[in-house]
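Have a look at query02.cif; it's mmCIF, C-alpha atoms:
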```
data_work
#
loop_
_atom_site.group_PDB
_atom_site.id
_atom_site.type_symbol
_atom_site.label_atom_id
_atom_site.label_comp_id
_atom_site.auth_asym_id
_atom_site.auth_seq_id
_atom_site.Cartn_x
_atom_site.Cartn_y
_atom_site.Cartn_z
ATOM 1 C CA MET X 1 81.434 124.767 113.208
ATOM 2 C CA PHE X 2 81.882 121.837 115.616
ATOM 3 C CA ALA X 3 79.468 119.671 113.616
ATOM 4 C CA GLU X 4 81.312 120.295 110.350
ATOM 5 C CA ARG X 5 84.744 119.730 111.859
ATOM 6 C CA LEU X 6 83.725 116.495 113.552
ATOM 7 C CA LYS X 7 82.157 115.102 110.394
ATOM 8 C CA GLN X 8 85.189 116.112 108.311
ATOM 9 C CA LEU X 9 87.634 114.488 110.741
ATOM 10 C CA ARG X 10 85.553 111.324 110.946
ATOM 11 C CA LYS X 11 85.391 111.030 107.163
ATOM 12 C CA GLU X 12 89.155 111.659 106.859
ATOM 13 C CA LYS X 13 89.708 108.690 109.172
ATOM 14 C CA GLY X 14 87.237 106.633 107.155
ATOM 15 C CA ILE X 15 85.170 105.605 110.164
ATOM 16 C CA THR X 16 81.425 105.466 110.681
ATOM 17 C CA GLN X 17 79.392 107.225 113.349
ATOM 18 C CA VAL X 18 78.995 103.854 115.062
ATOM 19 C CA GLU X 19 82.759 103.327 115.174
ATOM 20 C CA LEU X 20 83.402 106.847 116.456
ATOM 21 C CA ALA X 21 80.745 106.396 119.142
ATOM 22 C CA GLN X 22 82.510 103.259 120.366
ATOM 23 C CA ILE X 23 85.889 105.020 120.359
ATOM 24 C CA ILE X 24 84.717 108.049 122.340
ATOM 25 C CA ARG X 25 82.340 105.972 124.498
ATOM 26 C CA VAL X 26 79.002 107.571 123.647
ATOM 27 C CA GLU X 27 75.817 106.374 121.946
ATOM 28 C CA ARG X 28 75.740 106.420 118.131
ATOM 29 C CA SER X 29 72.779 108.763 118.317
ATOM 30 C CA SER X 30 74.944 111.254 120.214
ATOM 31 C CA VAL X 31 77.473 111.351 117.372
ATOM 32 C CA GLY X 32 74.572 111.939 114.982
ATOM 33 C CA LYS X 33 73.405 114.842 117.128
ATOM 34 C CA TYR X 34 76.926 116.287 117.309
ATOM 35 C CA GLU X 35 77.176 116.203 113.505
ATOM 36 C CA GLY X 36 73.557 117.106 112.794
ATOM 37 C CA LYS X 37 71.424 120.209 112.646
ATOM 38 C CA SER X 38 70.743 120.130 116.373
ATOM 39 C CA ARG X 39 74.247 121.563 116.894
ATOM 40 C CA ILE X 40 74.662 119.830 120.227
ATOM 41 C CA ILE X 41 78.144 120.280 121.685
ATOM 42 C CA PRO X 42 79.391 117.378 123.834
ATOM 43 C CA SER X 43 80.665 117.669 127.385
ATOM 44 C CA ASP X 44 84.253 118.763 127.980
ATOM 45 C CA ASP X 45 85.227 115.163 128.714
ATOM 46 C CA VAL X 46 83.851 113.929 125.387
ATOM 47 C CA LYS X 47 85.406 116.856 123.499
ATOM 48 C CA GLN X 48 88.761 115.890 125.021
ATOM 49 C CA ARG X 49 88.389 112.256 123.884
ATOM 50 C CA ILE X 50 87.467 113.441 120.372
ATOM 51 C CA ALA X 51 90.430 115.821 120.223
ATOM 52 C CA GLU X 52 92.833 113.134 121.422
ATOM 53 C CA TYR X 53 91.541 110.547 118.968
ATOM 54 C CA PHE X 54 91.835 112.894 115.972
ATOM 55 C CA ASN X 55 95.046 114.521 117.273
ATOM 56 C CA VAL X 56 93.574 118.030 117.102
ATOM 57 C CA SER X 57 93.028 120.782 119.647
ATOM 58 C CA ILE X 58 89.648 121.525 121.165
ATOM 59 C CA ASP X 59 90.011 125.035 119.724
ATOM 60 C CA TYR X 60 90.228 123.467 116.255
ATOM 61 C CA LEU X 61 87.131 121.348 116.929
ATOM 62 C CA LEU X 62 85.195 124.428 117.990
ATOM 63 C CA GLY X 63 86.322 126.483 115.000
ATOM 64 C CA ARG X 64 88.405 128.937 117.028
ATOM 65 C CA THR X 65 91.509 128.225 114.939
ATOM 66 C CA GLU X 66 92.436 126.698 111.610
ATOM 67 C CA VAL X 67 95.529 125.075 113.148
ATOM 68 C CA ARG X 68 94.742 121.490 114.019
ATOM 69 C CA MET X 69 97.200 121.234 116.911
ATOM 70 C CA SER X 70 99.284 123.925 118.540
ATOM 71 C CA GLU X 71 103.032 123.381 118.384
ATOM 72 C CA GLN X 72 103.173 123.637 122.166
ATOM 73 C CA THR X 73 100.801 120.737 122.726
ATOM 74 C CA GLN X 74 101.592 118.628 119.688
ATOM 75 C CA LYS X 75 103.467 115.487 120.578
ATOM 76 C CA PRO X 76 104.386 113.350 117.598
ATOM 77 C CA THR X 77 103.564 109.790 118.468
ATOM 78 C CA VAL X 78 104.920 106.787 116.667
ATOM 79 C CA LYS X 79 102.213 104.522 115.316
ATOM 80 C CA ASP X 80 102.504 100.786 114.880
ATOM 81 C CA ASP X 81 103.651 101.320 111.313
ATOM 82 C CA GLY X 82 106.460 103.645 112.453
ATOM 83 C CA LEU X 83 104.899 106.850 111.093
ATOM 84 C CA ASP X 84 104.505 109.722 113.495
ATOM 85 C CA ASN X 85 101.403 111.926 113.523
ATOM 86 C CA GLU X 86 103.355 114.988 112.440
ATOM 87 C CA LEU X 87 104.422 113.286 109.215
ATOM 88 C CA VAL X 88 100.943 111.910 108.593
ATOM 89 C CA ASN X 89 99.408 115.380 109.102
ATOM 90 C CA LEU X 90 101.790 116.777 106.484
ATOM 91 C CA LEU X 91 100.520 114.260 103.943
ATOM 92 C CA VAL X 92 96.767 114.665 104.557
ATOM 93 C CA ASP X 93 96.058 117.540 102.161
ATOM 94 C CA LEU X 94 98.290 116.469 99.282
ATOM 95 C CA SER X 95 96.861 115.760 95.859
ATOM 96 C CA PRO X 96 97.203 112.248 94.399
ATOM 97 C CA SER X 97 100.077 113.392 92.167
ATOM 98 C CA GLU X 98 101.860 114.976 95.147
ATOM 99 C CA VAL X 99 101.420 111.775 97.143
ATOM 100 C CA GLN X 100 103.001 109.845 94.259
ATOM 101 C CA ARG X 101 105.948 112.266 94.256
ATOM 102 C CA VAL X 102 106.420 111.643 97.982
ATOM 103 C CA ARG X 103 106.300 107.872 97.383
ATOM 104 C CA ASP X 104 108.883 108.176 94.617
ATOM 105 C CA PHE X 105 111.113 110.298 96.850
ATOM 106 C CA VAL X 106 110.926 107.778 99.709
ATOM 107 C CA ALA X 107 111.620 104.918 97.309
ATOM 108 C CA GLY X 108 114.678 106.816 96.104
ATOM 109 C CA LEU X 109 115.881 107.307 99.673
ATOM 110 C CA LYS X 110 115.503 103.599 100.395
ATOM 111 C CA ALA X 111 117.277 102.666 97.186
ATOM 112 C CA SER X 112 120.212 104.955 98.006
ATOM 113 C CA ARG X 113 120.655 103.208 101.389
ATOM 114 C CA LYS X 114 121.165 99.885 99.651
ATOM 115 C CA GLU X 115 123.995 101.215 97.481
#
```
As structure tokens, what does this structure read like?
Amino acid sequence: MFAERLKQLRKEKGITQVELAQIIRVERSSVGKYEGKSRIIPSDDVKQRIAEYFNVSIDYLLGRTEVRMSEQTQKPTVKDDGLDNELVNLLVDLSPSEVQRVRDFVAGLKASRKE
């Protein structure tokens, strides 16, 4: 399960194995092994860096839960663009038409502030 979750999260972020390896401070080949058929599970320290980078729990990474981050440990953080992780996580699984509806709604909110 770890291999599938890691690959899915990496692809959602749109980063390569090389980029992820640099972020979590391991060799690229290690990321390949984590995602590959060898089913190698990284050390606790590396799992923690992965979980922090993707804003998920270690339990989610290991397939123990379907909830990406427990409410107790989730801390919305404001990104440079002003969006917090909680809001971004809400948008991840939306269809393209649902995303457009959200955009239209936000545009409407902004327009109503100007009036």
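Here atom CA of X:Glu52 stands at a distance of 29.2 Å from atom CA of X:Gln100.
Every residue that the PyMOL selection byres ((chain X and resi 20-31) around 9) selects in this file is listed here: X:Leu6, X:Arg10, X:Ile15, X:Thr16, X:Gln17, X:Val18, X:Glu19, X:Gly32, X:Lys33, X:Tyr34, X:Glu35, X:Gly36, X:Ile40, X:Pro42, X:Val46, X:Lys47, X:Arg49, X:Ile50, X:Tyr53.
Shortest atom-to-atom contact with X:Glu12 among X:Glu98, X:Asp104, X:Asp93, X:Asp59: X:Asp93, counting all atoms listed in the file.
Here the question is which of X:Asp45, X:Ala3, X:Ser57, X:Arg68 gets nearest to X:Val92 using all atoms listed in the file, and that residue is X:Arg68.
A straight line drawn from atom CA of X:Met1 to atom CA of X:Leu87 is 26.0 Å long.
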**Complete:** Students should find that atom CA of X:Gly63 and atom CA of X:Arg5 are spaced 7.6 Å
